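Asks: First the structure, which I've put down as structure tokens, then a few questions once you've had a look.
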Amino acid sequence: MAEENQGTTTQAVPHTQAKQHTQAKETSQSNENTQAKSNSNDTANRKPNHNNRNRNNNQNKQDGDKPKSNNNRNNNASRNANSNNKNKNRNRHRRQATPVDENLKTFVTKNQEEHKQRLNPHYKLDLNSKAKIRITPLGGLGEIGGNIMVFETEKEAILVDVGMSFPDETMHGVDILIPDFAYLREIRSKIVGVIITHAHEDHIGAMPYLYKEMQFPIYGTPLPLAMIGNKFDEHHIKEHRKYFNPIVKRQKIKIGNDFEVEWMHMTHSILDSSSVAITTDAGTVIHTGDFKIDYTPVDGYTTDIHRLAAYGEKGVLCLLSDSTNSHNPTPTGSELSVAPALDRIFSKAEGRVLLSTFSSNIHRVQQAIQYGIKYGRKICVIGRSMERNIEIAMQYDYVRFPKNIFIDADEVNRYEDKEVLIVTTGSQGEANSALFRMSIGEHRHIKIKPNDLIVLSSRAIPGNEGSISGMLNHLQRAGASIAMSKDIHVSGHASMEEQKLMLRLVNPKFFLPIHGEYNHVMKHRETGMMCGVPERNILLMTDGEQIEVAPKYMRKVKTVKTGKTYIDNQNNHKIEDDIILDRQKLASDGVVMLVAEVSEQNSKMLSKPKVTTFGIVPDKMDKTFAKEMEDILEIFLTNIKPGLIENSRALENDIRQVVRKHIFRKMKKYPLIVPHILVH
Ligand SMILES: [Zn+2]
């Protein structure tokens, strides 16, 4: 806590910072305490605030000639208190300034200098270097997800992560979004590798789509590569597994001629996550990936703060850090912190337990399974992504379970309710998930029973609240009880305090907050400034903005094309933009189709036009509406411009406009209008 207090009081002004740090922690604190006790008459000393601390400080300096009371850090509190009292008493009689020990004073200056150097290691950067690096986010800024970042030198480029994101409700029939690869096509010949930080969908989900089009060596730790491999298999591009280059954390590797990259272990809501340190001639850039600082991770592999600190000591040019939780002032809990709640839930459950979480959160699943085993339950895993992720984690030895604890979905009914734990997908209420299908009675093997306990060990991703609530209604109607208290989920992202730790460890010259909407990165900028990065050294990026960083400066240089490509998951194919626009129009304004036969000689209708509408007039009004359309067509044809009848395209266009005007005047709607005019 002491460090924290000091941190917050010393933010912006480096000089004050140096001053405060020159005090030994114990000395300043014990003095403060004892003084508050012993000088109870001195009202100014009652509240030990920072002014007092400084005053205390000055006093210590003045009393420098009494080494016994002030310079011995090992003094116990009572001796300290006595000597302070004595000093006070003497001072009362003798107000003149005490002589200053000039030698000690020079050491104060030397210490201040040391602190300055320690806090600003950037003098180690080569300011005369002409080298620079360009950084371009093609996704992941101004949005949550879809992360992809390009790092470029003069001749080469690498990508960090190639992720997907989810559509909003206006993108009808779209399952996922992938970044627009236009800029990558432009610099294709420069790209020497793809760097993967971790295996979340918003960091690897667009890999198969990129690799169907262009291929580069892929560098990452085993779990992300295994998961990408799985995607390649699903997309029938198994052969691209040959681009895999598994790496070992802490071992620097050269990529192309210009990049040297080191992976550093990070804790996050998926196993085997990393930060990367990318070193070029311009200096070292650290990209945190997604992270939180977990001091007690389930597998014991803590965040590699030592490597981060080592880079910080050497002098880091630029830090790109995860902003997802930048509004959260409460430190993010350890993954282990959900254990007591899980234990409590399992110890009390009388029927089956159905636990749902994000399928990629293997450590959560692992903990659930452990408590299942502890309370004598067999484990049934249901849901394609959950089954696959557990399988990969076991295959590659990230987690170990006794084989005989698993049962299949069709075996569940052979066991007592109290002997069953079902681990499943669907924590977001997704309509095609296992839990949702169970909730509406459509799962082949599992029917919800009145004594079932459903545990939602997750949070609602913004936008999913409605579907989750709908699913809960179904589950409760079927008689199940629900456990979804806050203590059975913990975030995977750094809150403010951990962001501060990252900033202090890395101590960057320049800072680019990443991963988040504008408000997230803006809040992260504030945190950066609190941690000593000057405001002018922080830029807030949005997708497509290219930033140039050199030891001397950081600036925006240009904007490149970005956007989203719509994907239909049924066939893994792209959906063109105009299809989505048409669907939006159909959904909000409906469609009108007109088929008419017109004589070429006299421009008259040869028969009644056929009018079909959807989503614009009720069925019972169909006839009236058809008559209206007939009248409009007739008037149009009577006044038709000469020659138009021969040009069917222009003719249909004009008709469309006339009909549109009429419908808008009457109904204030712009439906799709589809005229077919057959001229004989
Ligand atoms: Zn992540």
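By order of appearance in the structure tokens: chains A, B, ..., then residues from 1 within every chain, and ligands from 1 in the order shown.
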Write as an MDAnalysis selection string the residues around ligand 1, taking 9 Å as the cut-off and counting only C-alpha atoms and all ligand atoms.

Replies: chainID A and resid 145 197:203 268:270 273 289:291 492:493

Asks: Might you pull out every residue within 6 Å of Phe259 of chain A, with only C-alpha atoms counted and same-chain residues fewer than 4 positions away left off, and present them as a PyMOL selection string?

Replies: chain A and resi 254-255+279-280

Asks: Compile the contact shell of Asp410 of chain A as a short mmCIF file (atom, residue, chain, number, x, y, z; two decimals) with N, CA and C atoms, in the first residue's frame: residues with an atom at most 12 Å away, counting only C-alpha atoms, same-chain residues fewer than 2 positions apart removed.

Replies:
data_model
loop_
_atom_site.label_atom_id
_atom_site.label_comp_id
_atom_site.auth_asym_id
_atom_site.auth_seq_id
_atom_site.Cartn_x
_atom_site.Cartn_y
_atom_site.Cartn_z
N CYS A 380 -19.53 -34.48 -17.69
CA CYS A 380 -20.00 -34.60 -19.07
C CYS A 380 -19.79 -33.25 -19.74
N VAL A 381 -18.98 -33.23 -20.79
CA VAL A 381 -18.70 -31.97 -21.50
C VAL A 381 -19.58 -31.92 -22.74
N ILE A 382 -20.37 -30.86 -22.86
CA ILE A 382 -21.27 -30.74 -24.02
C ILE A 382 -21.06 -29.38 -24.69
N PHE A 406 -14.77 -38.79 -17.23
CA PHE A 406 -15.64 -38.22 -18.26
C PHE A 406 -16.70 -39.21 -18.71
N ILE A 407 -17.92 -38.72 -18.89
CA ILE A 407 -18.98 -39.57 -19.45
C ILE A 407 -19.61 -38.85 -20.64
N ASP A 408 -20.25 -39.60 -21.53
CA ASP A 408 -20.90 -39.00 -22.69
C ASP A 408 -22.31 -38.53 -22.32
N VAL A 412 -25.54 -39.82 -19.23
CA VAL A 412 -25.89 -39.02 -18.05
C VAL A 412 -27.04 -39.64 -17.26
N ASN A 413 -28.04 -40.16 -17.98
CA ASN A 413 -29.23 -40.69 -17.29
C ASN A 413 -28.97 -41.97 -16.51
N ARG A 414 -27.81 -42.58 -16.72
CA ARG A 414 -27.49 -43.79 -15.96
C ARG A 414 -27.01 -43.47 -14.56
N TYR A 415 -26.72 -42.21 -14.33
CA TYR A 415 -26.18 -41.81 -13.01
C TYR A 415 -27.23 -41.06 -12.19
N ILE A 422 -22.37 -31.27 -15.58
CA ILE A 422 -22.33 -31.01 -17.03
C ILE A 422 -21.64 -29.67 -17.24
N HIS A 443 -32.62 -30.27 -26.60
CA HIS A 443 -31.36 -31.00 -26.63
C HIS A 443 -31.66 -32.50 -26.65
N ARG A 444 -30.89 -33.20 -27.47
CA ARG A 444 -31.17 -34.62 -27.69
C ARG A 444 -31.08 -35.44 -26.41
N HIS A 445 -30.09 -35.15 -25.57
CA HIS A 445 -29.86 -36.01 -24.42
C HIS A 445 -30.24 -35.40 -23.08
N ILE A 446 -30.13 -34.10 -22.97
CA ILE A 446 -30.31 -33.49 -21.65
C ILE A 446 -31.61 -32.69 -21.59
N LYS A 447 -32.49 -33.09 -20.69
CA LYS A 447 -33.72 -32.33 -20.42
C LYS A 447 -33.56 -31.68 -19.05
#

Asks: Looking at only C-alpha atoms, which of A:Ser323, A:Asn473, A:Ser165, A:Ser588 is the one that sits closest to Phe614 of chain A?

Replies: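 For Phe614 of chain A, the nearest of the candidates is A:Ser588.
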
Asks: Go through A:Val365, A:Met629, A:Leu210, A:Ile293 one by one, measure the shortest atom-to-atom distance of each to Met266 of chain A using only C-alpha atoms, and give the residue with the smallest value.

Replies: A:Ile293

Asks: Show which residues sit within 7 Å of segment 186-195 of chain A, as a JSON list (two decimals) with N, CA and C atoms, in the first residue's frame. Count only C-alpha atoms, and ignore same-chain residues fewer than 2 positions away.

Replies:
[["chain", "number", "residue", "atom", "x", "y", "z"],
["A", 155, "LYS", "N", 11.57, -1.68, -45.01],
["A", 155, "LYS", "CA", 11.51, -2.77, -45.99],
["A", 155, "LYS", "C", 10.61, -3.93, -45.61],
["A", 156, "GLU", "N", 10.31, -4.08, -44.32],
["A", 156, "GLU", "CA", 9.60, -5.28, -43.88],
["A", 156, "GLU", "C", 8.42, -4.94, -42.97],
["A", 157, "ALA", "N", 7.54, -5.94, -42.82],
["A", 157, "ALA", "CA", 6.38, -5.75, -41.92],
["A", 157, "ALA", "C", 6.06, -7.06, -41.22],
["A", 158, "ILE", "N", 5.56, -6.95, -40.00],
["A", 158, "ILE", "CA", 4.99, -8.12, -39.32],
["A", 158, "ILE", "C", 3.59, -7.75, -38.84],
["A", 159, "LEU", "N", 2.74, -8.76, -38.67],
["A", 159, "LEU", "CA", 1.41, -8.54, -38.12],
["A", 159, "LEU", "C", 1.38, -9.11, -36.72],
["A", 160, "VAL", "N", 0.70, -8.43, -35.81],
["A", 160, "VAL", "CA", 0.47, -9.02, -34.50],
["A", 160, "VAL", "C", -1.02, -9.31, -34.39],
["A", 161, "ASP", "N", -1.37, -10.61, -34.35],
["A", 161, "ASP", "CA", -2.74, -11.12, -34.21],
["A", 161, "ASP", "C", -3.61, -10.81, -35.45],
["A", 182, "ALA", "N", -7.48, -5.07, -47.24],
["A", 182, "ALA", "CA", -7.01, -4.23, -48.36],
["A", 182, "ALA", "C", -5.57, -3.74, -48.15],
["A", 183, "TYR", "N", -5.28, -3.23, -46.94],
["A", 183, "TYR", "CA", -3.93, -2.69, -46.72],
["A", 183, "TYR", "C", -2.88, -3.81, -46.77],
["A", 184, "LEU", "N", -3.26, -5.01, -46.30],
["A", 184, "LEU", "CA", -2.30, -6.12, -46.32],
["A", 184, "LEU", "C", -1.99, -6.54, -47.76],
["A", 197, "THR", "N", -0.31, -13.51, -30.14],
["A", 197, "THR", "CA", -0.13, -13.32, -28.69],
["A", 197, "THR", "C", -0.90, -14.37, -27.88],
["A", 216, "PHE", "N", 1.99, -16.43, -44.79],
["A", 216, "PHE", "CA", 3.28, -15.99, -44.24],
["A", 216, "PHE", "C", 3.64, -16.94, -43.09],
["A", 217, "PRO", "N", 4.90, -16.95, -42.69],
["A", 217, "PRO", "CA", 5.25, -17.77, -41.52],
["A", 217, "PRO", "C", 4.47, -17.29, -40.29],
["A", 218, "ILE", "N", 4.00, -18.25, -39.46],
["A", 218, "ILE", "CA", 3.24, -17.90, -38.26],
["A", 218, "ILE", "C", 4.08, -18.23, -37.04],
["A", 219, "TYR", "N", 4.23, -17.28, -36.14],
["A", 219, "TYR", "CA", 5.03, -17.48, -34.93],
["A", 219, "TYR", "C", 4.14, -17.37, -33.70],
["A", 220, "GLY", "N", 4.23, -18.37, -32.81],
["A", 220, "GLY", "CA", 3.43, -18.31, -31.59],
["A", 220, "GLY", "C", 3.77, -19.45, -30.67],
["A", 255, "ILE", "N", 12.98, -12.33, -36.95],
["A", 255, "ILE", "CA", 11.96, -12.51, -37.99],
["A", 255, "ILE", "C", 12.27, -11.52, -39.09],
["A", 256, "GLY", "N", 12.51, -12.04, -40.31],
["A", 256, "GLY", "CA", 13.00, -11.19, -41.40],
["A", 256, "GLY", "C", 14.37, -10.67, -41.01]]

Asks: I'd like the contact shell of segment 524-541 of chain A - 9 Å cut-off, only C-alpha atoms, skipping same-chain residues fewer than 3 positions apart - returned as number ranges by chain.

Replies: A: 7-8, 10-14, 119, 136-137, 141-142, 321-323, 325-327, 496-497, 499-501, 503-504, 507-514, 518-521, 544-547, 553-556

Asks: Give me, as a list in words, all polymer residues having an atom no more than 10 Å from Lys314 of chain A, counting only C-alpha atoms and skipping those fewer than 6 positions away in the same chain.

Replies: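 With the cut-off at 10 Å, the set is Pro121, His122, Tyr123, Lys124, Leu125, Thr284, Val506 and Asn507 of chain A.
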
Asks: Which distance in Å separates atom CA of Ile488 of chain A and atom CA of Ala341 of chain A, to one decimal?

Replies: 5.8 Å

Asks: I'd like to know which residues of segment 339-491 of chain A are strand (DSSP E or B) (by DSSP, run on the backbone); could you write them as a ChimeraX atom specification?

Replies: /A:353-356,378-382,406,420-424,453-456,481-483

Asks: Identify all residues of segment 231-459 of chain A in alpha helix (DSSP H) (DSSP on the backbone) and supply them as number ranges by chain.

Replies: A: 231-234, 305-314, 339-348, 362-374, 384-395, 434-439

Asks: Got time to write the residues from that selection, C-alpha atoms, as a PDB file, in the first residue's frame?

Replies:
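Produced file selection.pdb, reproduced below:
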ATOM      1  CA  LYS A 231      -9.325 -23.713 -37.741  1.00  0.00           C
ATOM      2  CA  PHE A 232      -7.190 -24.497 -40.789  1.00  0.00           C
ATOM      3  CA  ASP A 233      -8.502 -28.082 -40.684  1.00  0.00           C
ATOM      4  CA  GLU A 234     -12.114 -26.892 -40.494  1.00  0.00           C
ATOM      5  CA  ILE A 305       7.047  -9.217 -14.787  1.00  0.00           C
ATOM      6  CA  HIS A 306      10.789  -9.812 -14.584  1.00  0.00           C
ATOM      7  CA  ARG A 307      11.223  -9.691 -18.349  1.00  0.00           C
ATOM      8  CA  LEU A 308       8.975  -6.649 -18.628  1.00  0.00           C
ATOM      9  CA  ALA A 309      11.062  -4.947 -15.960  1.00  0.00           C
ATOM     10  CA  ALA A 310      14.282  -5.943 -17.707  1.00  0.00           C
ATOM     11  CA  TYR A 311      13.093  -4.238 -20.890  1.00  0.00           C
ATOM     12  CA  GLY A 312      11.952  -1.257 -18.829  1.00  0.00           C
ATOM     13  CA  GLU A 313      15.429  -0.981 -17.361  1.00  0.00           C
ATOM     14  CA  LYS A 314      16.999  -1.025 -20.815  1.00  0.00           C
ATOM     15  CA  ALA A 339     -12.581 -21.352  -6.117  1.00  0.00           C
ATOM     16  CA  PRO A 340     -14.353 -20.676  -2.777  1.00  0.00           C
ATOM     17  CA  ALA A 341     -17.601 -19.822  -4.570  1.00  0.00           C
ATOM     18  CA  LEU A 342     -17.384 -22.948  -6.716  1.00  0.00           C
ATOM     19  CA  ASP A 343     -16.703 -25.051  -3.637  1.00  0.00           C
ATOM     20  CA  ARG A 344     -19.698 -23.555  -1.847  1.00  0.00           C
ATOM     21  CA  ILE A 345     -21.984 -24.145  -4.805  1.00  0.00           C
ATOM     22  CA  PHE A 346     -20.887 -27.733  -5.364  1.00  0.00           C
ATOM     23  CA  SER A 347     -21.074 -28.591  -1.667  1.00  0.00           C
ATOM     24  CA  LYS A 348     -24.717 -27.506  -1.504  1.00  0.00           C
ATOM     25  CA  ILE A 362      -9.757 -23.729 -19.640  1.00  0.00           C
ATOM     26  CA  HIS A 363      -8.644 -22.802 -16.126  1.00  0.00           C
ATOM     27  CA  ARG A 364     -12.245 -22.066 -15.152  1.00  0.00           C
ATOM     28  CA  VAL A 365     -13.344 -25.387 -16.608  1.00  0.00           C
ATOM     29  CA  GLN A 366     -10.453 -27.080 -14.844  1.00  0.00           C
ATOM     30  CA  GLN A 367     -11.513 -25.638 -11.491  1.00  0.00           C
ATOM     31  CA  ALA A 368     -15.135 -26.636 -12.067  1.00  0.00           C
ATOM     32  CA  ILE A 369     -14.054 -30.175 -12.932  1.00  0.00           C
ATOM     33  CA  GLN A 370     -11.873 -30.355  -9.807  1.00  0.00           C
ATOM     34  CA  TYR A 371     -14.822 -29.457  -7.586  1.00  0.00           C
ATOM     35  CA  GLY A 372     -17.022 -31.839  -9.508  1.00  0.00           C
ATOM     36  CA  ILE A 373     -14.562 -34.627  -8.754  1.00  0.00           C
ATOM     37  CA  LYS A 374     -14.236 -33.523  -5.125  1.00  0.00           C
ATOM     38  CA  ARG A 384     -18.480 -28.405 -29.755  1.00  0.00           C
ATOM     39  CA  SER A 385     -16.058 -25.584 -28.887  1.00  0.00           C
ATOM     40  CA  MET A 386     -15.876 -26.650 -25.224  1.00  0.00           C
ATOM     41  CA  GLU A 387     -15.139 -30.285 -26.144  1.00  0.00           C
ATOM     42  CA  ARG A 388     -12.498 -29.240 -28.656  1.00  0.00           C
ATOM     43  CA  ASN A 389     -10.742 -26.796 -26.328  1.00  0.00           C
ATOM     44  CA  ILE A 390     -10.584 -29.273 -23.443  1.00  0.00           C
ATOM     45  CA  GLU A 391      -9.311 -31.913 -25.836  1.00  0.00           C
ATOM     46  CA  ILE A 392      -6.501 -29.665 -27.121  1.00  0.00           C
ATOM     47  CA  ALA A 393      -5.553 -28.556 -23.593  1.00  0.00           C
ATOM     48  CA  MET A 394      -5.304 -32.224 -22.542  1.00  0.00           C
ATOM     49  CA  GLN A 395      -3.544 -33.380 -25.714  1.00  0.00           C
ATOM     50  CA  ALA A 434     -26.031 -26.501 -25.937  1.00  0.00           C
ATOM     51  CA  LEU A 435     -27.411 -24.778 -22.841  1.00  0.00           C
ATOM     52  CA  PHE A 436     -29.927 -22.769 -24.849  1.00  0.00           C
ATOM     53  CA  ARG A 437     -31.165 -25.903 -26.584  1.00  0.00           C
ATOM     54  CA  MET A 438     -31.506 -27.619 -23.214  1.00  0.00           C
ATOM     55  CA  SER A 439     -33.445 -24.602 -21.903  1.00  0.00           C
TER      56      SER A 439
END

Asks: Select, from A:Asp294, A:Ile468, A:Ala478, A:Glu114, the residue with the minimum atom-to-atom distance to Thr332 of chain A, counting only C-alpha atoms.

Replies: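 Ranking A:Asp294, A:Ile468, A:Ala478, A:Glu114 by distance to Thr332 of chain A, first place goes to A:Asp294.
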